[in-house]
>>> print(open('final.txt').read())   # compact mmCIF, C-alpha atoms and all ligand atoms
# COMPACT_ATOMS: atom_id res chain seq x y z
CA MET U 4 -4.17 -53.92 -48.29
CA SER U 5 -3.82 -56.61 -45.63
CA HIS U 6 -1.09 -55.03 -43.56
CA ILE U 7 -1.12 -51.42 -42.43
CA PRO U 8 0.85 -49.56 -39.75
CA ILE U 9 -1.24 -48.29 -36.83
CA ALA U 10 -0.80 -44.90 -35.13
CA LEU U 11 -2.58 -43.97 -31.92
CA THR U 12 -3.40 -40.47 -30.73
CA VAL U 13 -4.19 -39.89 -27.07
CA ALA U 14 -5.70 -36.43 -27.08
CA SER U 15 -8.77 -34.28 -26.99
CA ASN U 16 -11.77 -33.80 -29.28
CA ASP U 17 -12.42 -30.56 -31.14
CA PRO U 18 -16.02 -30.88 -32.42
CA THR U 19 -15.34 -28.62 -35.40
CA GLY U 20 -12.69 -31.04 -36.69
CA GLY U 21 -9.89 -28.49 -37.07
CA SER U 22 -7.51 -29.73 -34.40
CA GLY U 23 -7.08 -32.44 -31.76
CA VAL U 24 -7.83 -36.10 -32.49
CA ILE U 25 -9.89 -35.39 -35.62
CA ALA U 26 -6.96 -33.53 -37.21
CA ASP U 27 -4.68 -36.39 -36.14
CA ILE U 28 -6.88 -39.06 -37.71
CA LYS U 29 -7.22 -37.07 -40.95
CA THR U 30 -3.43 -36.80 -41.06
CA PHE U 31 -2.87 -40.52 -40.38
CA HIS U 32 -5.38 -41.35 -43.12
CA ASN U 33 -3.71 -39.03 -45.62
CA LEU U 34 -0.41 -40.81 -44.96
CA ASN U 35 -1.87 -44.34 -45.34
CA VAL U 36 -1.62 -45.17 -41.65
CA PHE U 37 -4.52 -46.70 -39.72
CA GLY U 38 -5.54 -44.20 -37.04
CA MET U 39 -6.79 -44.93 -33.53
CA ALA U 40 -7.82 -42.37 -30.91
CA ALA U 41 -8.18 -42.54 -27.12
CA ILE U 42 -9.94 -39.41 -25.88
CA THR U 43 -8.74 -37.45 -22.83
CA ASN U 44 -11.12 -34.49 -23.02
CA LEU U 45 -14.11 -33.19 -24.87
CA THR U 46 -13.80 -29.53 -25.78
CA ALA U 47 -16.47 -27.11 -26.92
CA GLN U 48 -14.53 -24.91 -29.33
CA ASN U 49 -14.78 -23.36 -32.75
CA SER U 50 -12.94 -20.99 -35.07
CA GLN U 51 -13.24 -18.30 -32.39
CA GLY U 52 -11.66 -20.13 -29.45
CA ILE U 53 -12.04 -22.78 -26.76
CA HIS U 54 -15.23 -22.27 -24.72
CA GLU U 55 -15.51 -25.29 -22.39
CA ILE U 56 -13.51 -28.41 -21.56
CA LEU U 57 -15.01 -31.59 -20.12
CA GLU U 58 -12.51 -34.11 -18.76
CA ILE U 59 -13.09 -37.80 -19.40
CA PRO U 60 -12.70 -39.73 -16.11
CA PRO U 61 -9.09 -41.03 -15.95
CA GLU U 62 -10.28 -44.59 -15.36
CA PHE U 63 -12.12 -44.39 -18.69
CA LEU U 64 -8.91 -43.37 -20.46
CA GLU U 65 -7.39 -46.49 -18.90
CA GLU U 66 -10.34 -48.53 -20.30
CA GLN U 67 -9.79 -47.10 -23.76
CA LEU U 68 -6.05 -47.80 -23.72
CA SER U 69 -6.49 -51.26 -22.31
CA SER U 70 -9.06 -52.08 -25.05
CA ILE U 71 -6.63 -50.87 -27.69
CA PHE U 72 -3.39 -52.43 -26.41
CA SER U 73 -4.89 -55.79 -25.41
CA ASP U 74 -6.12 -56.22 -28.98
CA ALA U 75 -3.61 -54.64 -31.39
CA ILE U 76 -0.47 -52.78 -30.38
CA PRO U 77 -0.01 -49.45 -32.20
CA TYR U 78 3.29 -48.94 -34.01
CA ALA U 79 3.62 -45.38 -32.67
CA MET U 80 1.67 -43.07 -30.40
CA LYS U 81 1.30 -39.35 -29.76
CA SER U 82 -0.21 -37.39 -26.92
CA GLY U 83 -1.88 -33.98 -27.06
CA MET U 84 -4.03 -32.41 -24.36
CA VAL U 85 -3.54 -34.37 -21.09
CA PRO U 86 -5.74 -32.77 -18.43
CA SER U 87 -4.76 -34.49 -15.17
CA ALA U 88 -1.90 -36.05 -13.21
CA ASP U 89 -3.75 -39.38 -13.12
CA MET U 90 -3.89 -39.43 -16.92
CA VAL U 91 -0.17 -38.67 -17.11
CA ASP U 92 0.50 -41.78 -14.98
CA ILE U 93 -1.83 -43.92 -17.11
CA ILE U 94 -0.15 -42.85 -20.37
CA LYS U 95 3.29 -43.46 -18.84
CA LYS U 96 2.27 -47.02 -17.93
CA TYR U 97 1.48 -47.85 -21.57
CA ILE U 98 4.53 -46.11 -23.02
CA LYS U 99 6.83 -47.87 -20.54
CA GLY U 100 5.08 -51.19 -20.95
CA TYR U 101 5.06 -51.31 -24.75
CA ASP U 102 8.14 -49.27 -25.68
CA ILE U 103 6.77 -47.85 -28.95
CA PRO U 104 7.84 -44.50 -30.49
CA PHE U 105 6.11 -41.76 -28.53
CA VAL U 106 5.63 -38.21 -29.80
CA MET U 107 4.63 -35.74 -27.14
CA ASP U 108 2.87 -32.57 -28.31
CA PRO U 109 2.31 -30.71 -25.04
CA PHE U 110 -0.82 -28.55 -25.05
CA ILE U 111 -0.19 -25.94 -22.38
CA PHE U 112 -1.44 -22.75 -24.07
CA SER U 113 -4.27 -22.20 -26.55
CA LYS U 114 -3.64 -20.35 -29.83
CA GLU U 115 -5.10 -17.28 -28.14
CA GLY U 116 -2.38 -17.55 -25.43
CA LYS U 117 -4.71 -18.79 -22.67
CA ARG U 118 -3.11 -21.23 -20.20
CA ILE U 119 -4.86 -24.61 -20.51
CA ILE U 120 -3.09 -26.58 -17.75
CA ASP U 121 -1.61 -25.27 -14.50
CA THR U 122 2.11 -25.24 -13.70
CA GLY U 123 1.80 -28.25 -11.36
CA LEU U 124 0.50 -30.42 -14.19
CA GLN U 125 3.01 -28.90 -16.61
CA ASN U 126 5.83 -30.00 -14.25
CA LYS U 127 4.31 -33.45 -13.90
CA LEU U 128 4.26 -33.80 -17.70
CA ALA U 129 7.91 -32.76 -17.83
CA THR U 130 9.13 -35.09 -15.10
CA THR U 131 6.90 -38.11 -15.76
CA LEU U 132 6.26 -38.30 -19.51
CA LEU U 133 9.00 -36.34 -21.24
CA PRO U 134 11.82 -38.79 -20.35
CA TYR U 135 9.87 -41.48 -22.27
CA ALA U 136 9.25 -39.33 -25.36
CA SER U 137 11.05 -40.13 -28.60
CA VAL U 138 10.50 -36.47 -29.45
CA VAL U 139 8.68 -33.47 -27.97
CA THR U 140 7.09 -30.77 -30.17
CA PRO U 141 6.41 -27.67 -28.04
CA ASN U 142 5.66 -24.25 -29.54
CA ILE U 143 7.72 -21.25 -28.37
CA LYS U 144 5.46 -20.37 -25.43
CA GLU U 145 5.44 -23.97 -24.24
CA THR U 146 9.21 -24.15 -24.65
CA GLU U 147 9.61 -21.03 -22.49
CA ALA U 148 7.24 -22.39 -19.85
CA MET U 149 8.94 -25.79 -19.65
CA THR U 150 12.57 -24.64 -19.74
CA GLY U 151 12.37 -21.21 -18.07
CA ILE U 152 14.27 -19.67 -21.03
CA ASP U 153 13.00 -16.38 -22.46
CA ILE U 154 13.30 -17.00 -26.21
CA LYS U 155 14.27 -14.10 -28.45
CA ASP U 156 16.49 -15.71 -31.09
CA GLU U 157 17.98 -18.91 -32.47
CA SER U 158 20.62 -19.16 -29.75
CA ASP U 159 17.90 -19.09 -27.06
CA ILE U 160 16.13 -21.92 -28.89
CA LYS U 161 19.35 -23.94 -28.74
CA THR U 162 19.77 -23.21 -25.02
CA ALA U 163 16.19 -24.33 -24.35
CA ALA U 164 16.68 -27.47 -26.47
CA ASN U 165 19.74 -28.35 -24.38
CA ILE U 166 17.64 -28.12 -21.22
CA PHE U 167 15.11 -30.53 -22.75
CA LEU U 168 17.89 -32.94 -23.75
CA LYS U 169 20.30 -32.71 -20.81
CA GLU U 170 18.19 -31.74 -17.80
CA ILE U 171 14.70 -33.06 -18.58
CA GLY U 172 16.06 -36.12 -20.38
CA VAL U 173 14.10 -36.07 -23.67
CA LYS U 174 15.69 -37.95 -26.59
CA SER U 175 14.92 -35.28 -29.20
CA VAL U 176 13.15 -31.97 -29.46
CA LEU U 177 11.52 -30.07 -32.35
CA ILE U 178 11.06 -26.33 -31.90
CA ASN U 179 10.02 -23.71 -34.48
CA ASP U 180 10.17 -19.94 -34.48
CA SER U 181 7.01 -19.30 -36.54
CA GLN U 182 5.37 -17.40 -33.67
CA MET U 183 8.45 -15.22 -33.23
CA THR U 184 9.96 -14.12 -36.56
CA GLY U 185 9.01 -13.46 -40.17
CA LYS U 186 10.25 -16.93 -41.08
CA ALA U 187 9.10 -20.43 -40.22
CA CYS U 188 12.35 -22.16 -39.29
CA ASP U 189 12.08 -25.51 -37.56
CA TYR U 190 14.91 -27.00 -35.51
CA LEU U 191 15.46 -30.66 -34.64
CA TYR U 192 17.90 -31.33 -31.81
CA THR U 193 18.90 -34.84 -30.80
CA ARG U 194 21.78 -35.94 -28.60
CA THR U 195 23.94 -36.36 -31.71
CA LYS U 196 22.71 -33.90 -34.33
CA GLU U 197 20.95 -30.67 -35.22
CA VAL U 198 18.86 -30.15 -38.35
CA LYS U 199 17.37 -26.80 -39.37
CA LEU U 200 14.62 -26.53 -42.00
CA SER U 201 13.80 -23.03 -43.20
CA GLY U 202 10.53 -22.03 -44.79
CA PRO U 203 8.61 -18.83 -45.45
CA ILE U 204 5.86 -17.72 -43.09
CA ILE U 205 2.58 -18.14 -44.93
CA LYS U 206 0.22 -15.30 -44.11
CA SER U 207 -3.05 -17.00 -43.22
CA LYS U 208 -5.64 -16.75 -40.48
CA ASN U 209 -6.54 -20.38 -41.09
CA LEU U 210 -3.99 -22.11 -38.88
CA ARG U 211 -6.20 -24.31 -36.72
CA GLY U 212 -4.71 -27.76 -36.39
CA VAL U 213 -1.18 -26.86 -37.43
CA GLY U 214 0.46 -28.13 -34.23
CA SER U 215 -1.67 -31.28 -33.99
CA THR U 216 -1.05 -32.06 -37.66
CA PHE U 217 2.72 -31.49 -37.49
CA SER U 218 3.10 -33.96 -34.59
CA ALA U 219 0.64 -36.39 -36.23
CA VAL U 220 2.79 -36.54 -39.40
CA ILE U 221 5.84 -37.33 -37.25
CA THR U 222 3.86 -40.08 -35.47
CA ALA U 223 2.56 -41.58 -38.73
CA GLU U 224 6.02 -41.66 -40.26
CA LEU U 225 7.55 -43.25 -37.13
CA ALA U 226 4.73 -45.84 -37.26
CA LYS U 227 5.90 -46.67 -40.80
CA GLY U 228 9.43 -47.23 -39.50
CA GLN U 229 10.91 -44.01 -40.90
CA ASP U 230 13.69 -42.30 -38.96
CA LEU U 231 13.01 -39.08 -37.07
CA GLU U 232 14.85 -36.80 -39.52
CA SER U 233 12.84 -38.10 -42.50
CA ALA U 234 9.64 -37.79 -40.46
CA PHE U 235 10.58 -34.19 -39.60
CA ARG U 236 11.19 -33.31 -43.29
CA LYS U 237 7.85 -34.81 -44.27
CA ALA U 238 6.02 -32.98 -41.45
CA LYS U 239 7.46 -29.65 -42.55
CA MET U 240 6.39 -30.23 -46.18
CA PHE U 241 2.96 -31.45 -45.06
CA VAL U 242 2.12 -28.47 -42.82
CA THR U 243 3.44 -25.96 -45.36
CA LYS U 244 1.05 -27.32 -48.03
CA ALA U 245 -1.74 -27.77 -45.49
CA ILE U 246 -1.49 -24.08 -44.49
CA GLU U 247 -1.31 -22.93 -48.14
CA ASN U 248 -4.58 -24.80 -48.79
CA GLY U 249 -6.41 -23.88 -45.55
CA PHE U 250 -10.16 -23.28 -45.46
CA ASP U 251 -12.32 -20.27 -44.59
CA ILE U 252 -14.61 -22.30 -42.34
CA GLY U 253 -16.27 -20.45 -39.46
CA LYS U 254 -16.33 -16.80 -38.47
CA GLY U 255 -12.81 -16.69 -37.02
CA ASN U 256 -9.68 -18.71 -37.72
CA GLY U 257 -10.31 -21.61 -40.05
CA PRO U 258 -8.56 -24.98 -40.31
CA ILE U 259 -5.62 -26.08 -42.44
CA SER U 260 -6.29 -28.68 -45.15
CA HIS U 261 -5.77 -32.43 -44.80
CA PHE U 262 -6.62 -33.08 -48.47
CA ILE U 263 -3.13 -32.30 -49.68
CA GLU U 264 -0.95 -34.51 -51.86
CA LEU U 265 2.78 -34.49 -51.17
N1 LIG X 1 2.20 -19.13 -40.63
C1 LIG X 1 2.97 -20.20 -40.83
N2 LIG X 1 3.62 -20.35 -42.02
C2 LIG X 1 4.39 -21.43 -42.26
N3 LIG X 1 4.59 -22.42 -41.37
C3 LIG X 1 3.99 -22.31 -40.18
C4 LIG X 1 3.15 -21.21 -39.83
N4 LIG X 1 2.68 -21.40 -38.56
C5 LIG X 1 3.19 -22.57 -38.11
N5 LIG X 1 3.98 -23.12 -39.09
C6 LIG X 1 4.67 -24.40 -39.03
O1 LIG X 1 3.74 -25.35 -38.51
C7 LIG X 1 4.39 -26.28 -37.62
C8 LIG X 1 3.71 -26.28 -36.25
O2 LIG X 1 3.83 -25.01 -35.66
P1 LIG X 1 3.59 -24.75 -34.10
O3 LIG X 1 4.25 -25.86 -33.33
O4 LIG X 1 4.03 -23.38 -33.77
O5 LIG X 1 2.05 -24.86 -34.02
P2 LIG X 1 1.15 -24.69 -32.73
O6 LIG X 1 -0.25 -24.87 -33.17
O7 LIG X 1 1.48 -23.44 -32.02
O8 LIG X 1 1.67 -25.91 -31.90
P3 LIG X 1 1.14 -26.54 -30.55
O9 LIG X 1 0.21 -27.68 -30.91
O10 LIG X 1 2.42 -27.05 -29.92
O11 LIG X 1 0.45 -25.44 -29.79
C9 LIG X 1 5.86 -25.88 -37.66
O12 LIG X 1 6.51 -26.61 -38.67
C10 LIG X 1 5.83 -24.40 -38.04
O13 LIG X 1 7.02 -23.96 -38.66
C1 LIG X 2 -8.67 -30.53 -28.85
C2 LIG X 2 -7.53 -29.66 -29.22
N1 LIG X 2 -6.28 -30.17 -29.31
C3 LIG X 2 -5.26 -29.37 -29.70
C4 LIG X 2 -5.47 -28.04 -29.97
C5 LIG X 2 -4.32 -27.18 -30.38
O1 LIG X 2 -4.49 -26.75 -31.69
P1 LIG X 2 -3.39 -26.88 -32.83
O2 LIG X 2 -3.45 -28.23 -33.40
O3 LIG X 2 -3.83 -25.82 -33.81
O4 LIG X 2 -2.04 -26.59 -32.23
C6 LIG X 2 -6.79 -27.54 -29.85
N2 LIG X 2 -7.08 -26.25 -30.09
N3 LIG X 2 -7.79 -28.37 -29.47
>>> encode(input="final.txt", output="structure tokens")
Amino acid sequence: MSHIPIALTVASNDPTGGSGVIADIKTFHNLNVFGMAAITNLTAQNSQGIHEILEIPPEFLEEQLSSIFSDAIPYAMKSGMVPSADMVDIIKKYIKGYDIPFVMDPFIFSKEGKRIIDTGLQNKLATTLLPYASVVTPNIKETEAMTGIDIKDESDIKTAANIFLKEIGVKSVLINDSQMTGKACDYLYTRTKEVKLSGPIIKSKNLRGVGSTFSAVITAELAKGQDLESAFRKAKMFVTKAIENGFDIGKGNGPISHFIEL
């Protein structure tokens, strides 16, 4: 194959390979997209939680991005864990400068509910990066934190989505209620349409990487030139199968599978 779309993830490393950039690269590979990764953080984590986080110096993120973009421009990019205001500004510079599809997967709370970034940085992400995002993929807790809406049902999700679109200025938002109800309904809101995809909740403790993988599928599909709604449908199918085929690796919560065939 001489020509291949490139997707870039700007995120953090999970040494056990369940989430973060390793999950992103596995997803890009599965979808026949060439994956690149610029690292923001190193984490020490495993199936039982995040233990330590070591921030890469912001100027070294700049070095990584400048090496990538001066050589081959990715077709789409996503961001995950962004640990400092300086890094937010660096990422904004590249998104503004190159105008490629940008999927923002904010990482504000860990799976265990622990706050990962403070509210100052959360606000900086919202005001500086979100207006440049093609789509944002927060989970319910992140949606509540960024919009101030207490989410109890579908109408609250719609209210929060409207804040993302009309007040924060994001082009589109993807929110799901899997952490709230017995279903796994995902909602896409853009300025012109709403799409709801319903699916059953799969009972599994092996859910590590589900958020990273969902946003990585969207990024890979946008890199291929697919529209956002098709990318959303593919991401939903991908994570559903990936959860169904998850692995019992480690003593706690294992990872989803990236070996799936759609
Ligand atoms: N138990 C489950 N059964 C079926 N689908 C699920 C389940 N858990 C999550 N999903 C689906 O996985 C996708 C990602 O979910 P979600 O955004 O909540 O993950 P997350 O890890 O909390 O995300 P984040 O990276 O933003 O923290 C969504 O499509 C959601 O519906
Ligand atoms: C390095 C890193 N990035 C992201 C996540 C979120 O996990 P998930 O992909 O399961 O939402 C994580 N735990 N660690």
>>> atom_distance(input="final.txt", atom1="CA of Asp180 in chain U", atom2="CA of Ser22 in chain U")
20.2 Å
>>> atom_distance(input="final.txt", atom1="atom N1 of ligand LIG 1 (chain X)", atom2="CA of Ile204 in chain U")
4.6 Å
>>> residues_near_ligand(input="final.txt", ligand="ligand LIG 2 (chain X)", cutoff="8 Å", atoms="all atoms listed in the file", output="mmCIF file with C-alpha atoms, keeping the file's coordinate frame")
data_model
loop_
_atom_site.group_PDB
_atom_site.id
_atom_site.type_symbol
_atom_site.label_atom_id
_atom_site.label_comp_id
_atom_site.auth_asym_id
_atom_site.auth_seq_id
_atom_site.Cartn_x
_atom_site.Cartn_y
_atom_site.Cartn_z
ATOM 1 C CA ALA U 14 -5.700 -36.430 -27.080
ATOM 2 C CA SER U 15 -8.770 -34.280 -26.990
ATOM 3 C CA ASN U 16 -11.770 -33.800 -29.280
ATOM 4 C CA ASP U 17 -12.420 -30.560 -31.140
ATOM 5 C CA GLY U 21 -9.890 -28.490 -37.070
ATOM 6 C CA SER U 22 -7.510 -29.730 -34.400
ATOM 7 C CA GLY U 23 -7.080 -32.440 -31.760
ATOM 8 C CA VAL U 24 -7.830 -36.100 -32.490
ATOM 9 C CA ALA U 26 -6.960 -33.530 -37.210
ATOM 10 C CA ASN U 44 -11.120 -34.490 -23.020
ATOM 11 C CA LEU U 45 -14.110 -33.190 -24.870
ATOM 12 C CA THR U 46 -13.800 -29.530 -25.780
ATOM 13 C CA GLN U 48 -14.530 -24.910 -29.330
ATOM 14 C CA GLY U 52 -11.660 -20.130 -29.450
ATOM 15 C CA ILE U 53 -12.040 -22.780 -26.760
ATOM 16 C CA GLY U 83 -1.880 -33.980 -27.060
ATOM 17 C CA MET U 84 -4.030 -32.410 -24.360
ATOM 18 C CA PHE U 110 -0.820 -28.550 -25.050
ATOM 19 C CA SER U 113 -4.270 -22.200 -26.550
ATOM 20 C CA LYS U 114 -3.640 -20.350 -29.830
ATOM 21 C CA LEU U 210 -3.990 -22.110 -38.880
ATOM 22 C CA ARG U 211 -6.200 -24.310 -36.720
ATOM 23 C CA GLY U 212 -4.710 -27.760 -36.390
ATOM 24 C CA VAL U 213 -1.180 -26.860 -37.430
ATOM 25 C CA GLY U 214 0.460 -28.130 -34.230
ATOM 26 C CA SER U 215 -1.670 -31.280 -33.990
ATOM 27 C CA THR U 216 -1.050 -32.060 -37.660
#
>>> atom_distance(input="final.txt", atom1="CA of Ile28 in chain U", atom2="CA of Val242 in chain U")
14.8 Å
>>> closest_atom_pairs(input="final.txt", of="chain U", to="ligand LIG 1 (chain X)", cutoff="6 Å", atoms="only C-alpha atoms and all ligand atoms", output="Markdown table")
| residue | atom | partner | partner_atom | distance |
| --- | --- | --- | --- | --- |
| U:Asp108 | CA | X:LIG1 | O10 | 5.8 |
| U:Phe110 | CA | X:LIG1 | O11 | 5.8 |
| U:Thr140 | CA | X:LIG1 | O10 | 6.0 |
| U:Pro141 | CA | X:LIG1 | O10 | 4.5 |
| U:Asn142 | CA | X:LIG1 | O10 | 4.3 |
| U:Asn179 | CA | X:LIG1 | O13 | 5.2 |
| U:Ser181 | CA | X:LIG1 | O13 | 5.1 |
| U:Ala187 | CA | X:LIG1 | O13 | 4.4 |
| U:Cys188 | CA | X:LIG1 | O13 | 5.7 |
| U:Asp189 | CA | X:LIG1 | O13 | 5.4 |
| U:Pro203 | CA | X:LIG1 | C2 | 5.9 |
| U:Ile204 | CA | X:LIG1 | N2 | 3.6 |
| U:Ile205 | CA | X:LIG1 | N2 | 3.8 |
| U:Lys206 | CA | X:LIG1 | N1 | 5.5 |
| U:Val213 | CA | X:LIG1 | O6 | 4.8 |
| U:Gly214 | CA | X:LIG1 | O9 | 3.4 |
| U:Ser215 | CA | X:LIG1 | O9 | 5.1 |
| U:Phe217 | CA | X:LIG1 | C8 | 5.4 |
| U:Lys239 | CA | X:LIG1 | O12 | 5.0 |
| U:Val242 | CA | X:LIG1 | O1 | 5.6 |
| U:Thr243 | CA | X:LIG1 | N3 | 5.5 |
>>> closest_residue(input="final.txt", among="U:Thr12, U:Ser260, U:Thr131, U:Asn165", to="Tyr192 in chain U", atoms="all atoms listed in the file")
U:Asn165
>>> residues_near_point(input="final.txt", point="(6.9, -23.7, -17.4)", cutoff="12 Å", atoms="all atoms listed in the file", output="PyMOL selection string")
chain U and resi 109-112+118+120-130+141+143-153+163+167
>>> residues_around(input="final.txt", residues="Val13 in chain U", least_positions_apart="4", cutoff="8 Å", atoms="only C-alpha atoms", output="ChimeraX atom specification")
/U:24,40-43,80-84
>>> residues_near_point(input="final.txt", point="(14.2, -38.1, -19.9)", cutoff="8 Å", atoms="all atoms listed in the file", output="ChimeraX atom specification")
/U:130,132-136,168,170-174
>>> closest_residue(input="final.txt", among="U:Ile93, U:Ala223, U:Ile246, U:Leu177", to="Ser207 in chain U", atoms="only C-alpha atoms")
U:Ile246
>>> closest_residue(input="final.txt", among="U:Ile71, U:Ile103, U:Ala245, U:Val91", to="Ile259 in chain U", atoms="all atoms listed in the file")
U:Ala245
>>> closest_residue(input="final.txt", among="U:Val36, U:Ile160, U:Glu247, U:Glu232", to="His6 in chain U", atoms="all atoms listed in the file")
U:Val36
>>> closest_residue(input="final.txt", among="U:Asp74, U:Ile119, U:Leu200, U:Leu68", to="Tyr97 in chain U", atoms="only C-alpha atoms")
U:Leu68
>>> closest_residue(input="final.txt", among="U:Met90, U:Ile178, U:Ile9, U:Ile76", to="Lys227 in chain U", atoms="only C-alpha atoms")
U:Ile9
>>> axis_aligned_box(input="final.txt", around="range 87-93 of chain U", padding_each_side="5 Å", output="AutoDock Vina command-line options")
--center_x -2.1 --center_y -39.2 --center_z -15.1 --size_x 15.3 --size_y 19.4 --size_z 14.0
>>> residues_around(input="final.txt", residues="range 253-257 of chain U", least_positions_apart="2", cutoff="6 Å", atoms="all atoms listed in the file", output="list in words")
Ser50, Gln51, Lys208, Asn209, Arg211, Phe250 and Asp251 of chain U
>>> write_last_selection(input="final.txt", atoms="C-alpha atoms", output="PDB file, keeping the file's coordinate frame")
ATOM      1  CA  SER U  50     -12.940 -20.990 -35.070  1.00  0.00           C
ATOM      2  CA  GLN U  51     -13.240 -18.300 -32.390  1.00  0.00           C
ATOM      3  CA  LYS U 208      -5.640 -16.750 -40.480  1.00  0.00           C
ATOM      4  CA  ASN U 209      -6.540 -20.380 -41.090  1.00  0.00           C
ATOM      5  CA  ARG U 211      -6.200 -24.310 -36.720  1.00  0.00           C
ATOM      6  CA  PHE U 250     -10.160 -23.280 -45.460  1.00  0.00           C
ATOM      7  CA  ASP U 251     -12.320 -20.270 -44.590  1.00  0.00           C
TER       8      ASP U 251
END
>>> decode(input="final.txt", residues="range 245-259 of chain U", atoms="N, CA, C and O atoms", output="mmCIF file, in the first residue's frame")
data_model
loop_
_atom_site.group_PDB
_atom_site.id
_atom_site.type_symbol
_atom_site.label_atom_id
_atom_site.label_comp_id
_atom_site.auth_asym_id
_atom_site.auth_seq_id
_atom_site.Cartn_x
_atom_site.Cartn_y
_atom_site.Cartn_z
ATOM 1 N N ALA U 245 -15.572 -4.539 20.950
ATOM 2 C CA ALA U 245 -14.325 -4.526 21.733
ATOM 3 C C ALA U 245 -14.605 -4.852 23.199
ATOM 4 O O ALA U 245 -13.804 -5.530 23.857
ATOM 5 N N ILE U 246 -15.752 -4.377 23.713
ATOM 6 C CA ILE U 246 -16.115 -4.689 25.112
ATOM 7 C C ILE U 246 -16.506 -6.174 25.215
ATOM 8 O O ILE U 246 -16.067 -6.882 26.129
ATOM 9 N N GLU U 247 -17.298 -6.632 24.233
ATOM 10 C CA GLU U 247 -17.739 -8.048 24.271
ATOM 11 C C GLU U 247 -16.545 -9.003 24.287
ATOM 12 O O GLU U 247 -16.636 -10.102 24.818
ATOM 13 N N ASN U 248 -15.432 -8.578 23.700
ATOM 14 C CA ASN U 248 -14.258 -9.459 23.580
ATOM 15 C C ASN U 248 -13.103 -9.042 24.498
ATOM 16 O O ASN U 248 -11.946 -9.381 24.241
ATOM 17 N N GLY U 249 -13.421 -8.295 25.558
ATOM 18 C CA GLY U 249 -12.385 -7.794 26.478
ATOM 19 C C GLY U 249 -11.594 -8.919 27.147
ATOM 20 O O GLY U 249 -11.991 -10.085 27.125
ATOM 21 N N PHE U 250 -10.463 -8.527 27.743
ATOM 22 C CA PHE U 250 -9.547 -9.530 28.299
ATOM 23 C C PHE U 250 -9.445 -9.433 29.818
ATOM 24 O O PHE U 250 -9.379 -8.334 30.381
ATOM 25 N N ASP U 251 -9.336 -10.605 30.462
ATOM 26 C CA ASP U 251 -9.035 -10.655 31.903
ATOM 27 C C ASP U 251 -7.534 -10.536 32.091
ATOM 28 O O ASP U 251 -6.857 -11.520 32.392
ATOM 29 N N ILE U 252 -7.003 -9.330 31.877
ATOM 30 C CA ILE U 252 -5.558 -9.130 32.097
ATOM 31 C C ILE U 252 -5.416 -8.283 33.363
ATOM 32 O O ILE U 252 -6.059 -7.237 33.477
ATOM 33 N N GLY U 253 -4.574 -8.727 34.284
ATOM 34 C CA GLY U 253 -4.376 -7.977 35.526
ATOM 35 C C GLY U 253 -5.335 -8.431 36.620
ATOM 36 O O GLY U 253 -6.236 -9.247 36.401
ATOM 37 N N LYS U 254 -5.120 -7.850 37.806
ATOM 38 C CA LYS U 254 -5.899 -8.280 38.982
ATOM 39 C C LYS U 254 -7.190 -7.492 39.139
ATOM 40 O O LYS U 254 -8.012 -7.801 39.987
ATOM 41 N N GLY U 255 -7.328 -6.400 38.368
ATOM 42 C CA GLY U 255 -8.518 -5.549 38.532
ATOM 43 C C GLY U 255 -9.356 -5.518 37.270
ATOM 44 O O GLY U 255 -9.841 -6.552 36.825
ATOM 45 N N ASN U 256 -9.479 -4.321 36.695
ATOM 46 C CA ASN U 256 -10.289 -4.157 35.485
ATOM 47 C C ASN U 256 -9.409 -4.280 34.249
ATOM 48 O O ASN U 256 -8.474 -3.509 34.067
ATOM 49 N N GLY U 257 -9.718 -5.252 33.431
ATOM 50 C CA GLY U 257 -8.903 -5.523 32.252
ATOM 51 C C GLY U 257 -9.262 -4.616 31.078
ATOM 52 O O GLY U 257 -10.181 -3.798 31.154
ATOM 53 N N PRO U 258 -8.519 -4.796 29.966
ATOM 54 C CA PRO U 258 -8.751 -3.962 28.785
ATOM 55 C C PRO U 258 -9.790 -4.546 27.835
ATOM 56 O O PRO U 258 -10.030 -5.750 27.822
ATOM 57 N N ILE U 259 -10.346 -3.681 26.995
ATOM 58 C CA ILE U 259 -11.172 -4.146 25.874
ATOM 59 C C ILE U 259 -10.232 -4.687 24.799
ATOM 60 O O ILE U 259 -9.010 -4.519 24.885
#
